[in-house]
Structures are given as C-alpha cells and as structure tokens.
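Next comes data19.txt, a file with compact mmCIF, C-alpha atoms.
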```txt
# COMPACT_ATOMS: atom_id res chain seq x y z
CA MET A 268 -20.44 11.90 3.61
CA THR A 269 -19.70 8.43 2.26
CA VAL A 270 -16.27 7.30 1.04
CA ALA A 271 -15.97 4.44 -1.46
CA ILE A 272 -12.65 2.60 -1.71
CA VAL A 273 -12.67 0.51 -4.87
CA ASP A 274 -11.69 -3.13 -4.26
CA TYR A 275 -10.65 -4.91 -7.45
CA GLY A 276 -8.33 -7.48 -5.93
CA SER A 277 -5.19 -5.35 -6.03
CA GLY A 278 -4.05 -6.20 -2.51
CA ASN A 279 -4.88 -5.88 1.16
CA LEU A 280 -6.89 -2.68 1.59
CA ARG A 281 -7.16 -2.90 5.37
CA SER A 282 -4.51 -0.26 6.13
CA ALA A 283 -6.02 2.18 3.63
CA ALA A 284 -9.53 1.61 4.98
CA LYS A 285 -8.36 2.12 8.57
CA ALA A 286 -6.65 5.40 7.69
CA PHE A 287 -9.76 6.73 5.95
CA GLU A 288 -12.02 5.53 8.76
CA ARG A 289 -9.85 7.40 11.25
CA GLU A 290 -10.12 10.68 9.35
CA ALA A 291 -13.75 10.24 8.25
CA GLY A 292 -15.03 10.08 11.85
CA ASN A 293 -18.62 8.87 11.85
CA SER A 294 -18.92 8.93 8.06
CA PRO A 295 -19.12 5.50 6.44
CA VAL A 296 -16.16 4.11 4.49
CA LEU A 297 -17.13 1.38 2.02
CA VAL A 298 -14.53 -1.03 0.63
CA THR A 299 -16.45 -2.25 -2.39
CA GLY A 300 -16.28 -3.94 -5.75
CA GLN A 301 -19.89 -3.00 -6.57
CA ALA A 302 -20.19 -0.34 -9.24
CA ASP A 303 -23.48 1.07 -7.93
CA ASP A 304 -21.87 1.89 -4.56
CA LEU A 305 -19.99 4.68 -6.32
CA ASP A 306 -23.31 6.37 -7.13
CA ARG A 307 -23.99 6.70 -3.39
CA ALA A 308 -20.49 7.88 -2.50
CA ASP A 309 -19.33 11.46 -2.08
CA HIS A 310 -15.58 10.71 -2.35
CA ILE A 311 -13.98 7.91 -4.37
CA VAL A 312 -10.58 6.28 -3.72
CA LEU A 313 -8.77 3.96 -6.14
CA PRO A 314 -5.82 2.19 -4.49
CA GLY A 315 -3.47 -0.19 -6.27
CA VAL A 316 -0.56 -2.53 -5.62
CA GLY A 317 1.23 -4.63 -8.24
CA ALA A 318 1.69 -4.43 -12.00
CA PHE A 319 -0.17 -1.83 -14.08
CA GLY A 320 -1.60 -4.38 -16.52
CA ASP A 321 -2.85 -6.70 -13.78
CA CYS A 322 -4.52 -3.82 -11.95
CA ALA A 323 -6.10 -2.49 -15.15
CA ALA A 324 -7.44 -5.96 -15.95
CA GLY A 325 -8.76 -6.42 -12.42
CA LEU A 326 -10.58 -3.09 -12.54
CA ARG A 327 -12.14 -3.87 -15.92
CA ALA A 328 -13.24 -7.30 -14.67
CA LEU A 329 -15.66 -5.69 -12.20
CA PRO A 330 -19.06 -5.40 -13.92
CA GLY A 331 -19.86 -1.77 -14.69
CA MET A 332 -16.97 -0.35 -12.64
CA ILE A 333 -15.20 1.55 -15.45
CA GLU A 334 -18.52 3.09 -16.46
CA ALA A 335 -19.35 3.97 -12.85
CA LEU A 336 -15.96 5.61 -12.35
CA LYS A 337 -16.43 7.67 -15.50
CA ALA A 338 -19.98 8.68 -14.56
CA ASN A 339 -19.12 9.67 -10.99
CA VAL A 340 -15.62 11.14 -11.40
CA ILE A 341 -15.74 12.67 -14.87
CA GLY A 342 -19.50 13.18 -15.15
CA ALA A 343 -20.55 14.10 -11.61
CA GLY A 344 -17.21 15.63 -10.59
CA LYS A 345 -16.87 13.78 -7.28
CA PRO A 346 -13.51 14.14 -5.50
CA PHE A 347 -11.24 11.27 -6.56
CA LEU A 348 -7.95 10.03 -5.10
CA GLY A 349 -5.75 7.45 -6.82
CA ILE A 350 -3.03 5.82 -4.71
CA CYS A 351 0.16 4.21 -6.12
CA VAL A 352 -0.96 2.07 -9.07
CA GLY A 353 -4.38 3.69 -8.63
CA MET A 354 -2.69 6.96 -9.53
CA GLN A 355 -0.84 5.32 -12.44
CA LEU A 356 -4.13 4.03 -13.85
CA MET A 357 -5.18 7.66 -14.39
CA ALA A 358 -2.60 7.78 -17.23
CA THR A 359 -3.19 7.19 -20.92
CA ARG A 360 -1.27 3.94 -20.85
CA GLY A 361 1.22 1.87 -18.89
CA LEU A 362 4.32 0.20 -20.31
CA GLU A 363 4.87 -2.45 -17.65
CA HIS A 364 5.23 -5.91 -19.28
CA GLY A 365 3.61 -4.71 -22.50
CA ILE A 366 1.36 -1.80 -23.41
CA HIS A 367 -1.82 -1.47 -21.35
CA GLU A 368 -4.58 1.09 -21.65
CA GLY A 369 -5.21 3.31 -18.65
CA LEU A 370 -8.25 5.41 -17.77
CA GLY A 371 -6.87 8.31 -19.82
CA TRP A 372 -7.85 10.98 -17.30
CA ILE A 373 -4.41 12.63 -17.25
CA GLU A 374 -2.42 12.40 -20.45
CA GLY A 375 0.87 10.59 -19.99
CA GLU A 376 2.59 7.23 -19.69
CA VAL A 377 3.75 5.00 -16.85
CA VAL A 378 7.33 3.98 -17.65
CA PRO A 379 10.17 2.09 -15.93
CA MET A 380 12.31 4.10 -13.51
CA ALA A 381 15.35 2.24 -14.86
CA ALA A 382 16.07 -0.46 -17.42
CA GLU A 383 15.98 -3.99 -16.03
CA GLY A 384 19.13 -4.74 -14.06
CA GLU A 385 20.33 -1.12 -14.11
CA THR A 386 20.62 1.35 -11.27
CA LEU A 387 19.75 5.04 -11.22
CA PRO A 388 22.31 7.88 -10.97
CA GLY A 389 24.13 7.71 -7.66
CA GLY A 390 23.81 3.93 -7.57
CA LEU A 391 20.20 4.11 -6.40
CA LYS A 392 18.36 0.83 -6.75
CA VAL A 393 14.91 0.13 -8.13
CA PRO A 394 12.33 -0.29 -6.67
CA HIS A 395 12.20 3.09 -4.99
CA MET A 396 11.27 1.96 -1.51
CA GLY A 397 11.04 3.94 1.72
CA TRP A 398 10.72 7.52 2.89
CA ASN A 399 11.53 10.43 0.63
CA GLU A 400 11.07 14.20 0.64
CA LEU A 401 8.19 15.75 -1.29
CA ALA A 402 8.74 18.86 -3.41
CA LEU A 403 5.36 20.52 -3.97
CA LYS A 404 4.99 22.23 -7.34
CA GLY A 405 3.39 25.59 -8.05
CA ALA A 406 0.44 26.86 -6.04
CA SER A 407 -0.48 24.59 -3.17
CA HIS A 408 -3.26 22.15 -4.00
CA PRO A 409 -6.04 21.90 -1.37
CA VAL A 410 -5.15 18.24 -0.75
CA PHE A 411 -1.63 19.34 0.29
CA ALA A 412 -2.82 22.29 2.38
CA GLY A 413 -0.89 22.83 5.60
CA LEU A 414 1.95 20.45 4.74
CA ALA A 415 5.31 22.05 5.47
CA PRO A 416 8.06 22.15 2.83
CA GLY A 417 10.26 19.08 2.92
CA VAL A 418 7.77 16.66 4.47
CA HIS A 419 8.44 12.98 3.82
CA ALA A 420 6.13 10.29 2.46
CA TYR A 421 6.45 6.53 1.95
CA PHE A 422 7.05 5.11 -1.54
CA VAL A 423 7.17 1.60 -3.02
CA HIS A 424 7.35 1.51 -6.84
CA SER A 425 9.47 0.60 -9.87
CA TYR A 426 7.51 2.56 -12.50
CA GLN A 427 6.81 6.27 -12.72
CA PHE A 428 4.12 8.52 -14.18
CA ARG A 429 5.42 10.81 -16.93
CA SER A 430 2.74 13.41 -17.54
CA THR A 431 2.46 15.14 -20.91
CA ASP A 432 1.37 18.40 -19.26
CA PRO A 433 3.73 19.63 -16.50
CA ALA A 434 0.83 21.59 -14.98
CA THR A 435 -0.76 18.31 -13.87
CA VAL A 436 2.30 17.40 -11.73
CA LEU A 437 1.49 18.51 -8.18
CA ALA A 438 4.60 17.13 -6.45
CA GLU A 439 7.90 15.47 -7.24
CA VAL A 440 10.50 13.50 -5.35
CA ASP A 441 14.22 13.27 -6.07
CA TYR A 442 15.33 9.70 -6.69
CA GLY A 443 18.13 9.70 -9.24
CA GLY A 444 16.39 12.72 -10.75
CA PRO A 445 12.87 14.15 -10.51
CA VAL A 446 10.11 11.55 -10.18
CA THR A 447 6.40 12.38 -10.18
CA ALA A 448 5.00 12.03 -6.67
CA ALA A 449 1.50 13.42 -7.26
CA VAL A 450 -0.69 14.43 -10.19
CA GLY A 451 -4.04 16.13 -10.47
CA ARG A 452 -6.54 18.17 -12.42
CA ASP A 453 -10.07 19.37 -11.74
CA ASN A 454 -11.63 17.06 -9.11
CA MET A 455 -8.95 14.37 -9.44
CA VAL A 456 -5.69 13.85 -7.58
CA GLY A 457 -3.30 10.93 -7.39
CA THR A 458 -0.28 10.11 -5.22
CA GLN A 459 2.55 7.74 -6.12
CA PHE A 460 3.31 7.44 -2.41
CA HIS A 461 1.04 5.69 0.10
CA PRO A 462 -0.77 8.18 2.38
CA GLU A 463 -1.98 5.32 4.58
CA LYS A 464 1.67 4.39 5.28
CA SER A 465 2.98 7.96 5.58
CA GLN A 466 2.00 8.50 9.22
CA ALA A 467 1.02 12.09 10.19
CA VAL A 468 1.70 13.49 6.71
CA GLY A 469 -0.50 10.87 5.08
CA LEU A 470 -3.32 11.30 7.58
CA ALA A 471 -3.24 15.07 7.04
CA LEU A 472 -3.48 14.53 3.27
CA ILE A 473 -6.43 12.14 3.73
CA ALA A 474 -8.19 14.66 5.97
CA ASN A 475 -7.62 17.36 3.35
CA PHE A 476 -9.01 15.10 0.63
CA LEU A 477 -12.13 14.33 2.65
CA ALA A 478 -12.70 18.06 3.25
CA TRP A 479 -12.06 18.90 -0.42
CA ARG A 480 -15.01 20.27 -2.38
CA PRO A 481 -13.63 20.97 -5.87
```

Re-express the file's structure as structure tokens.
Amino acid sequence: MTVAIVDYGSGNLRSAAKAFEREAGNSPVLVTGQADDLDRADHIVLPGVGAFGDCAAGLRALPGMIEALKANVIGAGKPFLGICVGMQLMATRGLEHGIHEGLGWIEGEVVPMAAEGETLPGGLKVPHMGWNELALKGASHPVFAGLAPGVHAYFVHSYQFRSTDPATVLAEVDYGGPVTAAVGRDNMVGTQFHPEKSQAVGLALIANFLAWRP
C-alpha cells in the first residue's frame, strides 16, 4: 500500500505525514506535488490550511494534478481523504473572499460561520478553534468505525461546508448551532477537523481510512 499526500503549498505537512507514517507501518507515505505519483498510490490525502481560493489556486497550479485527482479518485475509485480546507475543496464552490470553484465532488458551498466582526449564538467567537465533540450521523461510516459517541476532535476554521444533500454529512459539531464536521460519499470522505492533531481519535480515524476498501 502506498499513501500519497498532495503537497500544493498549503502549509507544513510534517505533522500529517508523521501521523500517516505511524499508522501505515512499513507502507510508504509520499508527500508529493507530482501528479503521476497519484497513479501509483492506493490511498490519496488532500490536506489544506488557509483560504479556500488560495488553496484552490495552489492545487490548480500543479501541472496535471486536477486531472490526476479526477482520474484516480473519481475514475479509479481510490480511497480519498480531504482534511480541513482539503475537505472544503470537495464542494461545488467556496465563498471566502470572492467566489471560487471547488472540485465539485460533493454538492454544496463553503460559507462563513459568522459575518465579519460578529459572534455566534452564545457569544462564541470565530474562528472555531480547539477541541469539540463529534456527533456522528446515521449509520457509522467505516472511517469512523470503533469511535465512541461523544469523542472530541481538534478544529481550526472560520468557514463551514454546507452540503446540499444531508445524506453526505457524516458528522456534525455544535458551535453556535450544527456545523459540518465530516462529509463523504462513495470512496471519498472529508473532515473539517484535523485528524493529525486529534491525538488517539485522529490516529484511529487514519488507521480506519488506511484499512478502508470502498
């Protein structure tokens, strides 16, 4: 098994790579910006830190990467995990500092959690930063297998994924109201929280993802 973590300049990927290396054992973990590396990978991870538009532009700046993602994830059906902005990029579009096209894999928009300068109900501030309790939705997804109700994960974000189809929302978190914490369909899953920063819960999710054969 080979894991490819897509590097498109969205931030320091060291912590994500270390977490995947720990759970992958002797299997190679490639942090790569080369599109053809995805052809040799069995699992694909798209992380992301920063603004939606900047991340989308960075991803499209890599020669052949959008095409390789489509061929391997949509075409070949390889297991895919988007993390934070990597999850948001699965949406139809993002509305952060303008309107930016996403990958369009899960229909929906990435919108502000609150208007600029405003707080959420209960006086909660944006960004949503820190540990919060996950509420898993519907039948348990294989990537969340074995996680007890009420486990906590680590979040850092100011924008949220609003999915058109509620069936694609795998988990929510309460932060001034329900906020999408994970989405998925078919061979694709995305988490708004950071598994690599979520200690035992995050490592369990990564192990589940690496064992997942959709």

Sorted per-residue table, region 356-441 of chain A near region 458-469 of chain A, closest atoms and distance, 6 Å, only C-alpha atoms, as a tab-separated table:
```
residue	atom	partner	partner_atom	distance
A:Ala420	CA	A:Ser465	CA	5.0
A:Tyr421	CA	A:Ser465	CA	5.2
A:Phe422	CA	A:Phe460	CA	4.5
```

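For the residues A:Gly331, A:Gly278, A:Gly344, A:Gly369, ranking by smallest atom-to-atom distance to His310 (chain A) using all atoms listed in the file places A:Gly344 first.
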
Can you report as JSON the centre and edge lengths in Å, to one decimal, of an axis-aligned box around the listed atoms of region 445-464 of chain A padded with 6 Å on each side?
```
{"center_x": 0.6, "center_y": 11.9, "center_z": -3.6, "size_x": 36.5, "size_y": 27.0, "size_z": 29.7}
```

Here's a test: counting all atoms listed in the file, identify every protein, DNA and RNA residue with an atom at most 10 Å from (-10.9, 0.7, -1.9) in the file's coordinate frame, and state them as a ChimeraX atom specification.
/A:270-281,283-284,287,296-300,311-315,349-350,353

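In this model, the gap between CA of Ala358 (chain A) and CA of Val377 (chain A) comes to 6.9 Å.
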
Around (-1.3, 8.3, -20.6), as given in the file, which residues come within 10 Å? Count all atoms listed in the file and list them as a ChimeraX atom specification.
/A:355-362,367-377,428-431

Lys345 (chain A): which residues within 12 Å, counting only C-alpha atoms, same-chain residues fewer than 2 positions away excluded, as a PDB file with C-alpha atoms, in the coordinates of the input?
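Listing of selection_25.pdb after writing:
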```
ATOM      1  CA  MET A 268     -20.440  11.900   3.610  1.00  0.00           C
ATOM      2  CA  THR A 269     -19.700   8.430   2.260  1.00  0.00           C
ATOM      3  CA  VAL A 270     -16.270   7.300   1.040  1.00  0.00           C
ATOM      4  CA  ALA A 271     -15.970   4.440  -1.460  1.00  0.00           C
ATOM      5  CA  LEU A 305     -19.990   4.680  -6.320  1.00  0.00           C
ATOM      6  CA  ASP A 306     -23.310   6.370  -7.130  1.00  0.00           C
ATOM      7  CA  ARG A 307     -23.990   6.700  -3.390  1.00  0.00           C
ATOM      8  CA  ALA A 308     -20.490   7.880  -2.500  1.00  0.00           C
ATOM      9  CA  ASP A 309     -19.330  11.460  -2.080  1.00  0.00           C
ATOM     10  CA  HIS A 310     -15.580  10.710  -2.350  1.00  0.00           C
ATOM     11  CA  ILE A 311     -13.980   7.910  -4.370  1.00  0.00           C
ATOM     12  CA  VAL A 312     -10.580   6.280  -3.720  1.00  0.00           C
ATOM     13  CA  ALA A 335     -19.350   3.970 -12.850  1.00  0.00           C
ATOM     14  CA  LEU A 336     -15.960   5.610 -12.350  1.00  0.00           C
ATOM     15  CA  LYS A 337     -16.430   7.670 -15.500  1.00  0.00           C
ATOM     16  CA  ALA A 338     -19.980   8.680 -14.560  1.00  0.00           C
ATOM     17  CA  ASN A 339     -19.120   9.670 -10.990  1.00  0.00           C
ATOM     18  CA  VAL A 340     -15.620  11.140 -11.400  1.00  0.00           C
ATOM     19  CA  ILE A 341     -15.740  12.670 -14.870  1.00  0.00           C
ATOM     20  CA  GLY A 342     -19.500  13.180 -15.150  1.00  0.00           C
ATOM     21  CA  ALA A 343     -20.550  14.100 -11.610  1.00  0.00           C
ATOM     22  CA  PHE A 347     -11.240  11.270  -6.560  1.00  0.00           C
ATOM     23  CA  LEU A 348      -7.950  10.030  -5.100  1.00  0.00           C
ATOM     24  CA  ASP A 453     -10.070  19.370 -11.740  1.00  0.00           C
ATOM     25  CA  ASN A 454     -11.630  17.060  -9.110  1.00  0.00           C
ATOM     26  CA  MET A 455      -8.950  14.370  -9.440  1.00  0.00           C
ATOM     27  CA  VAL A 456      -5.690  13.850  -7.580  1.00  0.00           C
ATOM     28  CA  PHE A 476      -9.010  15.100   0.630  1.00  0.00           C
ATOM     29  CA  LEU A 477     -12.130  14.330   2.650  1.00  0.00           C
ATOM     30  CA  TRP A 479     -12.060  18.900  -0.420  1.00  0.00           C
ATOM     31  CA  ARG A 480     -15.010  20.270  -2.380  1.00  0.00           C
ATOM     32  CA  PRO A 481     -13.630  20.970  -5.870  1.00  0.00           C
TER      33      PRO A 481
END
```

Between CA of Gly457 (chain A) and CA of Cys351 (chain A), distance in Å (one decimal)
7.7 Å

Give me region 367-392 of chain A with N, CA and C atoms filled in, as a CSV table (one decimal), in the frame of the given file.
```csv
chain,number,residue,atom,x,y,z
A,367,HIS,N,-0.5,-1.3,-21.9
A,367,HIS,CA,-1.8,-1.5,-21.4
A,367,HIS,C,-2.5,-0.1,-21.3
A,368,GLU,N,-3.8,-0.1,-21.7
A,368,GLU,CA,-4.6,1.1,-21.6
A,368,GLU,C,-5.0,1.5,-20.2
A,369,GLY,N,-4.8,2.8,-19.9
A,369,GLY,CA,-5.2,3.3,-18.6
A,369,GLY,C,-6.6,4.0,-18.8
A,370,LEU,N,-7.0,4.7,-17.8
A,370,LEU,CA,-8.2,5.4,-17.8
A,370,LEU,C,-8.2,6.6,-18.7
A,371,GLY,N,-7.0,7.2,-18.9
A,371,GLY,CA,-6.9,8.3,-19.8
A,371,GLY,C,-7.4,9.6,-19.2
A,372,TRP,N,-7.4,9.8,-17.9
A,372,TRP,CA,-7.8,11.0,-17.3
A,372,TRP,C,-6.8,12.1,-17.3
A,373,ILE,N,-5.5,11.7,-17.2
A,373,ILE,CA,-4.4,12.6,-17.2
A,373,ILE,C,-3.4,12.1,-18.3
A,374,GLU,N,-3.2,12.9,-19.3
A,374,GLU,CA,-2.4,12.4,-20.4
A,374,GLU,C,-1.0,12.1,-20.0
A,375,GLY,N,-0.5,11.0,-20.3
A,375,GLY,CA,0.9,10.6,-20.0
A,375,GLY,C,1.0,9.1,-20.0
A,376,GLU,N,2.3,8.7,-19.7
A,376,GLU,CA,2.6,7.2,-19.7
A,376,GLU,C,3.2,6.8,-18.4
A,377,VAL,N,3.1,5.6,-18.0
A,377,VAL,CA,3.8,5.0,-16.8
A,377,VAL,C,4.9,4.2,-17.4
A,378,VAL,N,6.1,4.6,-17.0
A,378,VAL,CA,7.3,4.0,-17.6
A,378,VAL,C,8.3,3.5,-16.6
A,379,PRO,N,9.2,2.6,-16.9
A,379,PRO,CA,10.2,2.1,-15.9
A,379,PRO,C,11.0,3.2,-15.4
A,380,MET,N,11.4,3.1,-14.1
A,380,MET,CA,12.3,4.1,-13.5
A,380,MET,C,13.7,3.8,-14.0
A,381,ALA,N,14.0,2.6,-14.3
A,381,ALA,CA,15.4,2.2,-14.9
A,381,ALA,C,15.2,1.0,-15.7
A,382,ALA,N,16.1,0.8,-16.6
A,382,ALA,CA,16.1,-0.5,-17.4
A,382,ALA,C,16.4,-1.6,-16.5
A,383,GLU,N,15.8,-2.8,-16.9
A,383,GLU,CA,16.0,-4.0,-16.0
A,383,GLU,C,17.5,-4.3,-15.7
A,384,GLY,N,17.8,-4.4,-14.5
A,384,GLY,CA,19.1,-4.7,-14.1
A,384,GLY,C,20.0,-3.5,-13.9
A,385,GLU,N,19.5,-2.3,-14.2
A,385,GLU,CA,20.3,-1.1,-14.1
A,385,GLU,C,20.0,-0.4,-12.8
A,386,THR,N,20.9,0.5,-12.4
A,386,THR,CA,20.6,1.4,-11.3
A,386,THR,C,20.4,2.8,-11.8
A,387,LEU,N,19.9,3.6,-10.9
A,387,LEU,CA,19.8,5.0,-11.2
A,387,LEU,C,21.0,5.8,-10.9
A,388,PRO,N,21.2,7.1,-11.3
A,388,PRO,CA,22.3,7.9,-11.0
A,388,PRO,C,22.5,7.9,-9.5
A,389,GLY,N,23.8,7.8,-9.1
A,389,GLY,CA,24.1,7.7,-7.7
A,389,GLY,C,24.1,6.3,-7.1
A,390,GLY,N,23.9,5.3,-8.0
A,390,GLY,CA,23.8,3.9,-7.6
A,390,GLY,C,22.5,3.5,-6.9
A,391,LEU,N,21.5,4.4,-7.0
A,391,LEU,CA,20.2,4.1,-6.4
A,391,LEU,C,19.5,2.9,-7.1
A,392,LYS,N,19.0,2.1,-6.2
A,392,LYS,CA,18.4,0.8,-6.8
A,392,LYS,C,16.9,1.0,-7.0
```
